[in-house]
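**Student:** Input structure: work26.pdb, which contains PDB, C-alpha atoms.
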MODEL        1
ATOM      1  CA  MET Y 114     121.938 128.199  85.676
ATOM      2  CA  VAL Y 115     120.248 129.969  88.523
ATOM      3  CA  GLY Y 116     120.873 128.837  92.075
ATOM      4  CA  VAL Y 117     118.112 129.146  94.629
ATOM      5  CA  SER Y 118     119.490 128.541  98.075
ATOM      6  CA  LEU Y 119     117.164 127.480 100.850
ATOM      7  CA  ASP Y 120     119.698 128.272 103.544
ATOM      8  CA  GLU Y 121     118.294 129.949 106.602
ATOM      9  CA  GLU Y 122     121.447 131.945 107.138
ATOM     10  CA  LEU Y 123     123.133 134.098 104.537
ATOM     11  CA  LYS Y 124     126.701 133.702 105.786
ATOM     12  CA  PRO Y 125     127.367 130.014 105.022
ATOM     13  CA  LEU Y 126     125.849 130.561 101.596
ATOM     14  CA  GLN Y 127     128.097 133.546 100.818
ATOM     15  CA  GLU Y 128     131.108 131.616 102.068
ATOM     16  CA  MET Y 129     130.399 128.574  99.916
ATOM     17  CA  VAL Y 130     129.645 130.654  96.824
ATOM     18  CA  SER Y 131     132.960 132.465  97.086
ATOM     19  CA  ALA Y 132     134.972 129.411  98.210
ATOM     20  CA  LYS Y 133     133.743 127.333  95.279
ATOM     21  CA  GLY Y 134     133.828 130.264  92.875
ATOM     22  CA  ILE Y 135     130.205 129.698  91.852
ATOM     23  CA  SER Y 136     129.684 132.113  88.990
ATOM     24  CA  TRP Y 137     125.989 131.767  88.221
ATOM     25  CA  PRO Y 138     123.421 134.014  89.905
ATOM     26  CA  GLN Y 139     122.270 133.000  93.359
ATOM     27  CA  ILE Y 140     119.037 133.822  95.082
ATOM     28  CA  HIS Y 141     118.864 133.509  98.836
ATOM     29  CA  ASP Y 142     115.366 132.132  99.307
ATOM     30  CA  ALA Y 143     115.337 132.343 103.088
ATOM     31  CA  ASP Y 144     111.545 132.559 103.313
ATOM     32  CA  LYS Y 145     111.245 129.634 100.854
ATOM     33  CA  SER Y 146     108.841 131.619  98.686
ATOM     34  CA  VAL Y 147     110.486 130.650  95.382
ATOM     35  CA  ALA Y 148     110.774 127.045  96.573
ATOM     36  CA  LYS Y 149     107.070 127.120  97.369
ATOM     37  CA  LEU Y 150     106.230 128.336  93.853
ATOM     38  CA  PHE Y 151     107.984 125.234  92.525
ATOM     39  CA  ASN Y 152     106.764 122.921  95.332
ATOM     40  CA  VAL Y 153     110.320 121.979  96.200
ATOM     41  CA  LYS Y 154     110.341 119.249  98.846
ATOM     42  CA  GLY Y 155     114.036 118.658  99.254
ATOM     43  CA  THR Y 156     117.469 119.643  98.012
ATOM     44  CA  PRO Y 157     118.959 119.401  95.549
ATOM     45  CA  THR Y 158     116.039 119.747  93.154
ATOM     46  CA  TYR Y 159     116.514 120.736  89.542
ATOM     47  CA  TYR Y 160     114.001 122.283  87.184
ATOM     48  CA  LEU Y 161     114.842 122.556  83.536
ATOM     49  CA  LEU Y 162     113.173 125.385  81.595
ATOM     50  CA  ASP Y 163     113.135 125.755  77.816
ATOM     51  CA  ARG Y 164     113.791 128.919  75.823
ATOM     52  CA  GLU Y 165     110.207 130.057  76.377
ATOM     53  CA  SER Y 166     110.522 129.591  80.148
ATOM     54  CA  LYS Y 167     108.236 126.613  80.004
ATOM     55  CA  ILE Y 168     108.897 123.658  82.286
ATOM     56  CA  ALA Y 169     110.844 121.072  80.292
ATOM     57  CA  ALA Y 170     111.571 118.753  83.199
ATOM     58  CA  LYS Y 171     111.109 118.832  86.934
ATOM     59  CA  ASP Y 172     112.842 116.958  89.681
ATOM     60  CA  ILE Y 173     115.291 115.728  87.082
ATOM     61  CA  PRO Y 174     118.194 113.666  88.448
ATOM     62  CA  MET Y 175     121.598 115.255  88.023
ATOM     63  CA  LYS Y 176     122.847 112.556  85.657
ATOM     64  CA  ARG Y 177     119.989 113.231  83.229
ATOM     65  CA  LEU Y 178     120.413 116.985  83.435
ATOM     66  CA  ARG Y 179     123.213 117.190  80.887
ATOM     67  CA  GLY Y 180     121.293 115.293  78.210
ATOM     68  CA  GLY Y 181     118.172 117.341  78.917
ATOM     69  CA  ILE Y 182     120.053 120.609  78.489
ATOM     70  CA  ASP Y 183     121.689 119.439  75.258
ATOM     71  CA  ASP Y 184     118.302 118.466  73.814
ATOM     72  CA  LEU Y 185     116.821 121.857  74.648
ATOM     73  CA  LEU Y 186     119.785 123.798  73.273
ATOM     74  CA  LYS Y 187     119.335 122.053  69.929
ATOM     75  CA  LYS Y 188     115.792 123.371  69.662
TER      76      LYS Y 188
ATOM     77  CA  MET O  27     124.351 112.555  96.200
ATOM     78  CA  ARG O  28     121.979 112.283  99.113
ATOM     79  CA  HIS O  29     118.657 113.866  98.475
ATOM     80  CA  ARG O  30     117.494 115.662 101.529
ATOM     81  CA  THR O  31     113.801 115.623 101.991
ATOM     82  CA  LEU O  32     112.700 118.667 103.886
ATOM     83  CA  ALA O  33     109.549 116.988 105.111
ATOM     84  CA  ARG O  34     111.431 113.938 106.324
ATOM     85  CA  LEU O  35     114.002 116.098 108.065
ATOM     86  CA  PHE O  36     111.163 117.912 109.715
ATOM     87  CA  VAL O  37     109.481 114.697 110.731
ATOM     88  CA  ARG O  38     112.692 113.160 112.036
ATOM     89  CA  SER O  39     113.596 116.164 114.101
ATOM     90  CA  GLY O  40     109.997 116.433 115.237
ATOM     91  CA  ILE O  41     109.979 112.846 116.315
ATOM     92  CA  SER O  42     113.305 113.002 118.060
ATOM     93  CA  ALA O  43     112.304 116.209 119.794
ATOM     94  CA  CYS O  44     109.158 114.455 120.891
ATOM     95  CA  LEU O  45     111.096 111.432 122.094
ATOM     96  CA  LEU O  46     113.505 113.695 123.885
ATOM     97  CA  GLY O  47     110.592 115.377 125.530
ATOM     98  CA  THR O  48     108.772 112.280 126.629
ATOM     99  CA  GLY O  49     111.435 109.673 126.975
ATOM    100  CA  LEU O  50     115.126 110.364 126.975
ATOM    101  CA  LEU O  51     114.877 113.353 129.219
ATOM    102  CA  LEU O  52     111.808 112.679 131.248
ATOM    103  CA  THR O  53     111.668 115.747 133.376
ATOM    104  CA  LEU O  54     110.429 115.294 136.883
ATOM    105  CA  THR O  55     109.723 118.107 139.198
ATOM    106  CA  VAL O  56     110.850 117.218 142.681
ATOM    107  CA  ASN O  57     110.465 119.893 145.365
ATOM    108  CA  GLY O  58     110.495 122.516 142.651
ATOM    109  CA  GLN O  59     113.804 121.264 141.286
ATOM    110  CA  LYS O  60     114.043 119.658 137.901
ATOM    111  CA  THR O  61     115.876 116.383 137.556
ATOM    112  CA  GLN O  62     116.294 114.399 134.384
ATOM    113  CA  THR O  63     115.884 110.671 134.178
ATOM    114  CA  PRO O  64     117.456 109.087 131.147
ATOM    115  CA  ASP O  65     115.250 106.650 129.236
ATOM    116  CA  LYS O  66     117.186 103.410 129.605
ATOM    117  CA  GLU O  67     114.720 101.580 127.410
ATOM    118  CA  MET O  68     115.220 103.998 124.534
ATOM    119  CA  ASP O  69     118.988 103.642 124.952
ATOM    120  CA  ARG O  70     118.577  99.893 124.761
ATOM    121  CA  VAL O  71     116.554 100.072 121.548
ATOM    122  CA  GLN O  72     118.948 102.611 120.031
ATOM    123  CA  ALA O  73     121.858 100.292 120.842
ATOM    124  CA  MET O  74     120.097  97.467 118.984
ATOM    125  CA  ILE O  75     119.492  99.728 116.005
ATOM    126  CA  SER O  76     123.083 100.874 115.835
ATOM    127  CA  GLN O  77     124.382  97.301 116.171
ATOM    128  CA  ALA O  78     122.002  96.277 113.372
ATOM    129  CA  LYS O  79     123.461  99.012 111.206
ATOM    130  CA  THR O  80     127.036  97.928 111.918
ATOM    131  CA  ASP O  81     126.197  94.287 111.197
ATOM    132  CA  ALA O  82     124.374  95.184 107.973
ATOM    133  CA  GLU O  83     127.330  97.230 106.723
ATOM    134  CA  LYS O  84     129.734  94.394 107.449
ATOM    135  CA  PHE O  85     127.407  91.910 105.775
ATOM    136  CA  SER O  86     127.013  93.992 102.653
ATOM    137  CA  LYS O  87     130.775  94.689 102.431
ATOM    138  CA  SER O  88     131.454  90.954 102.538
ATOM    139  CA  GLY O  89     129.193  90.508  99.518
ATOM    140  CA  GLY O  90     125.938  89.583 101.244
ATOM    141  CA  LYS O  91     122.707  90.115  99.312
ATOM    142  CA  PRO O  92     119.637  91.673 100.959
ATOM    143  CA  THR O  93     117.555  88.548 100.364
ATOM    144  CA  ASP O  94     120.125  86.145 101.878
ATOM    145  CA  GLU O  95     118.833  84.071 104.781
ATOM    146  CA  ASN O  96     121.721  85.206 106.970
ATOM    147  CA  ASN O  97     121.144  88.925 106.382
ATOM    148  CA  PRO O  98     121.627  90.340 109.917
ATOM    149  CA  ASN O  99     118.729  92.717 109.286
ATOM    150  CA  LEU O 100     116.416  89.716 109.711
ATOM    151  CA  LYS O 101     117.887  88.795 113.090
ATOM    152  CA  TRP O 102     117.643  92.378 114.321
ATOM    153  CA  ALA O 103     114.151  92.835 112.930
ATOM    154  CA  ALA O 104     113.103  89.783 114.955
ATOM    155  CA  ALA O 105     114.860  91.089 118.078
ATOM    156  CA  LEU O 106     113.268  94.535 117.784
ATOM    157  CA  TRP O 107     109.846  93.020 117.163
ATOM    158  CA  GLN O 108     110.333  90.778 120.180
ATOM    159  CA  TYR O 109     111.110  93.920 122.171
ATOM    160  CA  ARG O 110     107.878  95.474 120.955
ATOM    161  CA  GLU O 111     105.861  92.488 122.096
ATOM    162  CA  THR O 112     107.440  92.267 125.507
ATOM    163  CA  HIS O 113     107.621  96.011 126.239
ATOM    164  CA  PRO O 114     104.388  97.633 125.098
ATOM    165  CA  GLY O 115     103.325 101.236 125.353
ATOM    166  CA  THR O 116     106.470 103.384 125.513
ATOM    167  CA  PRO O 117     108.324 105.698 123.093
ATOM    168  CA  ALA O 118     110.957 102.956 122.850
ATOM    169  CA  THR O 119     108.233 100.555 121.662
ATOM    170  CA  VAL O 120     107.348 102.916 118.837
ATOM    171  CA  THR O 121     110.979 103.144 117.730
ATOM    172  CA  ALA O 122     111.507  99.375 117.980
ATOM    173  CA  THR O 123     108.366  98.751 115.927
ATOM    174  CA  SER O 124     109.179 101.050 113.038
ATOM    175  CA  GLU O 125     112.842  99.981 112.951
ATOM    176  CA  ALA O 126     111.906  96.289 112.895
ATOM    177  CA  LEU O 127     109.699  96.922 109.871
ATOM    178  CA  ARG O 128     112.334  99.115 108.225
ATOM    179  CA  LEU O 129     114.873  96.299 108.510
ATOM    180  CA  LEU O 130     112.417  93.827 106.971
ATOM    181  CA  ASN O 131     111.935  96.253 104.084
ATOM    182  CA  ARG O 132     115.702  96.472 103.631
ATOM    183  CA  ALA O 133     115.835  92.669 103.459
ATOM    184  CA  ASP O 134     113.004  92.694 100.884
ATOM    185  CA  ARG O 135     110.741  90.663 103.176
ATOM    186  CA  LEU O 136     107.571  92.353 102.040
ATOM    187  CA  SER O 137     105.102  89.684 103.086
ATOM    188  CA  ASP O 138     106.652  89.429 106.546
ATOM    189  CA  LEU O 139     106.561  93.213 106.819
ATOM    190  CA  GLN O 140     102.881  93.266 105.867
ATOM    191  CA  THR O 141     101.936  90.431 108.218
ATOM    192  CA  LYS O 142     103.560  92.315 111.092
ATOM    193  CA  ALA O 143     102.056  95.668 110.094
ATOM    194  CA  ASP O 144      98.646  93.979 110.015
ATOM    195  CA  THR O 145      98.925  93.323 113.749
ATOM    196  CA  LEU O 146      99.179  97.044 114.578
ATOM    197  CA  LYS O 147      95.897  98.467 115.832
ATOM    198  CA  PRO O 148      94.613 101.772 114.426
ATOM    199  CA  ASP O 149      95.435 103.592 117.663
ATOM    200  CA  ASP O 150      99.085 102.491 117.626
ATOM    201  CA  PRO O 151     101.321 105.599 117.757
ATOM    202  CA  ALA O 152     103.932 103.733 115.681
ATOM    203  CA  TRP O 153     101.828 104.325 112.555
ATOM    204  CA  LYS O 154     103.364 107.770 112.165
ATOM    205  CA  GLN O 155     106.675 106.166 111.279
ATOM    206  CA  VAL O 156     105.345 102.879 109.936
ATOM    207  CA  LEU O 157     103.484 104.711 107.151
ATOM    208  CA  TYR O 158     106.855 106.010 105.935
ATOM    209  CA  VAL O 159     108.219 102.460 105.925
ATOM    210  CA  LEU O 160     105.209 101.264 103.927
ATOM    211  CA  MET O 161     105.684 104.142 101.467
ATOM    212  CA  SER O 162     109.328 103.242 101.050
ATOM    213  CA  ALA O 163     108.432  99.561 100.541
ATOM    214  CA  ALA O 164     105.776 100.545  98.003
ATOM    215  CA  SER O 165     108.079 102.714  95.916
ATOM    216  CA  LYS O 166     110.750 100.025  96.051
ATOM    217  CA  SER O 167     108.381  97.336  94.762
ATOM    218  CA  LYS O 168     106.306  99.767  92.628
ATOM    219  CA  ASP O 169     103.241  98.249  94.235
ATOM    220  CA  TYR O 170     101.209 100.759  96.208
ATOM    221  CA  SER O 171      98.141  98.604  96.805
ATOM    222  CA  TYR O 172      99.027  97.485 100.328
ATOM    223  CA  LEU O 173      99.976 101.003 101.412
ATOM    224  CA  ILE O 174      96.744 102.392  99.987
ATOM    225  CA  SER O 175      94.548  99.805 101.687
ATOM    226  CA  LYS O 176      96.288 100.305 105.050
ATOM    227  CA  ALA O 177      96.143 104.075 104.746
ATOM    228  CA  GLU O 178      92.449 103.944 103.742
ATOM    229  CA  SER O 179      91.697 101.962 106.852
ATOM    230  CA  LEU O 180      93.756 104.323 109.051
ATOM    231  CA  SER O 181      92.096 107.388 107.592
ATOM    232  CA  GLN O 182      88.826 105.922 108.881
ATOM    233  CA  HIS O 183      89.821 104.285 112.128
ATOM    234  CA  ALA O 184      92.946 105.980 113.504
ATOM    235  CA  VAL O 185      92.340 107.857 116.730
ATOM    236  CA  ASP O 186      95.024 110.518 116.318
ATOM    237  CA  PRO O 187      93.852 113.149 113.773
ATOM    238  CA  GLU O 188      97.485 113.718 112.778
ATOM    239  CA  ILE O 189      97.743 110.057 111.700
ATOM    240  CA  LYS O 190      94.397 110.302 109.881
ATOM    241  CA  ALA O 191      95.706 113.325 107.986
ATOM    242  CA  GLN O 192      98.997 111.593 107.246
ATOM    243  CA  ALA O 193      97.171 108.481 105.981
ATOM    244  CA  ARG O 194      94.957 110.554 103.665
ATOM    245  CA  PHE O 195      98.034 112.439 102.443
ATOM    246  CA  PHE O 196      99.914 109.200 101.740
ATOM    247  CA  ILE O 197      96.928 107.901  99.758
ATOM    248  CA  GLY O 198      97.222 111.020  97.606
ATOM    249  CA  ASP O 199     100.954 110.529  97.202
ATOM    250  CA  ALA O 200     100.526 106.854  96.290
ATOM    251  CA  TYR O 201      97.917 107.628  93.635
ATOM    252  CA  TRP O 202     100.053 110.473  92.309
ATOM    253  CA  LYS O 203     103.022 108.144  91.926
ATOM    254  CA  THR O 204     100.872 105.670  90.038
ATOM    255  CA  LYS O 205      99.665 108.565  87.847
ATOM    256  CA  ASP O 206      96.081 108.288  89.032
ATOM    257  CA  ILE O 207      95.757 112.066  89.140
ATOM    258  CA  ASP O 208      92.021 112.226  89.863
ATOM    259  CA  ARG O 209      92.277 110.110  92.993
ATOM    260  CA  ALA O 210      95.459 111.905  94.066
ATOM    261  CA  ARG O 211      93.737 115.269  93.732
ATOM    262  CA  LYS O 212      90.721 114.079  95.723
ATOM    263  CA  ALA O 213      92.896 112.774  98.547
ATOM    264  CA  PHE O 214      94.951 115.985  98.767
ATOM    265  CA  GLN O 215      91.779 118.091  98.665
ATOM    266  CA  ALA O 216      90.387 116.038 101.528
ATOM    267  CA  VAL O 217      93.546 116.684 103.564
ATOM    268  CA  VAL O 218      93.246 120.429 102.964
ATOM    269  CA  ALA O 219      89.528 120.474 103.783
ATOM    270  CA  GLU O 220      89.424 118.120 106.742
ATOM    271  CA  TYR O 221      92.793 118.533 108.400
ATOM    272  CA  SER O 222      93.611 122.188 107.879
ATOM    273  CA  GLN O 223      95.337 122.323 111.268
ATOM    274  CA  THR O 224      97.976 119.739 110.385
ATOM    275  CA  ARG O 225     101.205 120.281 108.487
ATOM    276  CA  PHE O 226      99.974 117.788 105.912
ATOM    277  CA  ALA O 227      97.422 120.381 104.778
ATOM    278  CA  GLU O 228     100.269 122.694 103.729
ATOM    279  CA  GLU O 229     102.045 119.906 101.866
ATOM    280  CA  ALA O 230      98.794 118.846 100.225
ATOM    281  CA  LYS O 231      98.248 122.424  99.011
ATOM    282  CA  GLY O 232     101.723 122.415  97.501
ATOM    283  CA  ASN O 233     101.040 119.132  95.734
ATOM    284  CA  LEU O 234      97.691 120.355  94.389
ATOM    285  CA  TRP O 235      99.487 123.425  93.030
ATOM    286  CA  GLU O 236     102.108 121.217  91.406
ATOM    287  CA  ILE O 237      99.490 118.899  89.896
ATOM    288  CA  GLU O 238      97.733 121.884  88.278
ATOM    289  CA  PHE O 239     100.568 124.200  87.325
ATOM    290  CA  LEU O 240     103.962 122.527  87.385
ATOM    291  CA  ASN O 241     103.705 120.028  84.573
ATOM    292  CA  PRO O 242     106.133 119.820  81.679
ATOM    293  CA  GLY O 243     105.008 122.212  78.949
ATOM    294  CA  GLN O 244     103.401 124.673  81.351
ATOM    295  CA  PRO O 245     104.946 128.114  81.802
ATOM    296  CA  ALA O 246     107.235 128.233  84.836
ATOM    297  CA  PRO O 247     105.889 130.418  87.669
ATOM    298  CA  SER O 248     107.441 133.838  87.349
ATOM    299  CA  PHE O 249     109.367 135.444  90.166
ATOM    300  CA  GLU O 250     111.429 138.550  90.733
ATOM    301  CA  ARG O 251     114.190 138.614  93.283
ATOM    302  CA  THR O 252     117.614 140.124  93.873
ATOM    303  CA  THR O 253     120.736 137.993  93.572
ATOM    304  CA  LEU O 254     123.421 137.732  96.239
ATOM    305  CA  GLY O 255     125.402 140.153  94.106
ATOM    306  CA  GLY O 256     122.562 142.680  94.364
ATOM    307  CA  VAL O 257     121.371 142.328  90.774
ATOM    308  CA  PRO O 258     117.611 142.166  90.103
ATOM    309  CA  ILE O 259     116.684 138.873  88.514
ATOM    310  CA  SER O 260     113.440 137.636  87.005
ATOM    311  CA  LEU O 261     112.496 134.623  84.991
ATOM    312  CA  ALA O 262     111.224 136.909  82.220
ATOM    313  CA  GLY O 263     114.812 138.095  81.747
ATOM    314  CA  PHE O 264     115.842 134.598  80.708
ATOM    315  CA  ARG O 265     113.540 134.302  77.707
ATOM    316  CA  GLY O 266     115.405 132.829  74.785
ATOM    317  CA  LYS O 267     117.706 130.933  77.124
ATOM    318  CA  VAL O 268     117.601 127.434  78.488
ATOM    319  CA  VAL O 269     117.582 127.690  82.270
ATOM    320  CA  VAL O 270     118.486 125.236  84.978
ATOM    321  CA  LEU O 271     116.939 126.196  88.294
ATOM    322  CA  LYS O 272     118.871 124.554  91.045
ATOM    323  CA  PHE O 273     117.307 124.523  94.490
ATOM    324  CA  TRP O 274     120.010 123.715  96.977
ATOM    325  CA  GLY O 275     121.454 124.435 100.378
ATOM    326  CA  THR O 276     124.876 124.464 102.006
ATOM    327  CA  TYR O 277     123.581 122.352 104.909
TER     328      TYR O 277
ENDMDL
END
Do you think you could lay out the structure here as structure tokens?
**Tutor:**
Amino acid sequence: MVGVSLDEELKPLQEMVSAKGISWPQIHDADKSVAKLFNVKGTPTYYLLDRESKIAAKDIPMKRLRGGIDDLLKK
Amino acid sequence: MRHRTLARLFVRSGISACLLGTGLLLTLTVNGQKTQTPDKEMDRVQAMISQAKTDAEKFSKSGGKPTDENNPNLKWAAALWQYRETHPGTPATVTATSEALRLLNRADRLSDLQTKADTLKPDDPAWKQVLYVLMSAASKSKDYSYLISKAESLSQHAVDPEIKAQARFFIGDAYWKTKDIDRARKAFQAVVAEYSQTRFAEEAKGNLWEIEFLNPGQPAPSFERTTLGGVPISLAGFRGKVVVLKFWGTY
């Protein structure tokens, strides 16, 4: 899991990451350049990438994420 | 979880800023001093909208179905539309118009919604918001034909270039959702070419990029950044691993 935060300010992001003990890497995408690469129109948006870093699913709803990950891990 | 649409947030705040500018806080310069006149009409319309919301919540909690005859959304849609017809030409009219149609959409009264939308002339400023209502109605019913025909006509006859651009953009979006990629691409390309000054051009560029490069099976765009913890991170470093990219915000 990689988090890409679209927060304008760094502080609320740092606070939430430490308050919630989020352990996965976080990118602060303040200029939205990573979001632009993935044409992200709103949050939250999930992209699922396979072992070859190919797009497996985009804009996948959270409830389908788990199943999607399991399928990919089996491959 | 509520999905926050950046574009919609932008539009909403844009619209409210605009309304604030022209209506709620009409700024008059009197002898060099600025005084603010509240827009009583906008307050009146907003009060109707908030009462409609309260009534709809009560109705739905008591087990009412959207299509029920006594859905309060129908009563309020009629009241707001009545306001539109008796109070033309103000920012409050625009709000009353789009909210009336939104309530009809919530009550699944598609044909009523379309009959009313048909009465709006191409130069009506309410189209900016009404197009969003039509898009929402189209995705709800999975039938984009009415939206497309309205937007086609607006892209020809609207007076405001911003509405023309928006109409063309919505045509692209509608075709994209129905998986008619060729027509979607053409519409987005037209937005980029003909309305480069509008914000829809930027969004159209993003969609064209997505149509070409962000399909399942295509390599994810690579990026290199530094994490909050100061560690360099790149997509290439995740080869061999399944990755979930979560775009989010604390807001």
**Student:** With the file shown as input, list the residues that the PyMOL selection byres ((chain O and resi 228) around 12) selects, as a ChimeraX atom specification.
**Tutor:** /Y:149,152,154 /O:33,191-192,195,214-215,217-219,221-227,229-235
**Student:** Counting only C-alpha atoms, which of O:Val257, O:Pro242, O:Ala143, O:His113 gets nearest to chain Y?
**Tutor:** O:Pro242
**Student:** What is the atom CA of Asp199 of chain O-atom CA of Ile174 of chain O distance in Å, reported with one decimal?
**Tutor:** 9.6 Å
**Student:** Residues of chain Y no more than 9 Å from chain O, counting all atoms listed in the file: send them over as a PyMOL selection string.
**Tutor:** chain Y and resi 114-121+125-127+129+138-142+147-171+178+182+185-186
**Student:** What's the separation between atom CA of Leu127 of chain O and atom CA of Ser167 of chain O, in Å to one decimal place?
**Tutor:** 15.2 Å
**Student:** List the spatial neighbours of segment 120-126 of chain O as number ranges by chain - criterion: any atom at most 6 Å away, all atoms listed in the file, same-chain residues fewer than 2 positions off excluded.
**Tutor:** O: 103, 106-107, 117-118, 128-129, 152, 155-156
**Student:** Since I can't run it myself right now, could you work out what the PyMOL selection byres ((chain O and resi 198) around 8) selects here and report it as a VMD selection string?
**Tutor:** chain O and resid 194 to 197 199 to 202 209 to 214
**Student:** Could you tell me how far atom CA of Asp65 of chain O sits from atom CA of Gly115 of chain O, in Å to one decimal place?
**Tutor:**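 Atom-to-atom, atom CA of Gly115 of chain O and atom CA of Asp65 of chain O are spaced 13.7 Å apart.
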**Student:** Using only the atoms of segment 147-164 of chain Y listed in the file, plus 8 Å on each side, state the axis-aligned box centre and edge lengths in Å rounded to one decimal, as lines of an AutoDock Vina configuration file.
**Tutor:**
center_x = 112.6
center_y = 124.7
center_z = 87.5
size_x = 28.7
size_y = 28.0
size_z = 39.4
**Student:** Just the residues within 9 Å of Ala104 of chain O, please, counting all atoms listed in the file, with nothing from its chain fewer than 5 positions along; format it as number ranges by chain.
**Tutor:** O: 99, 109, 126, 130
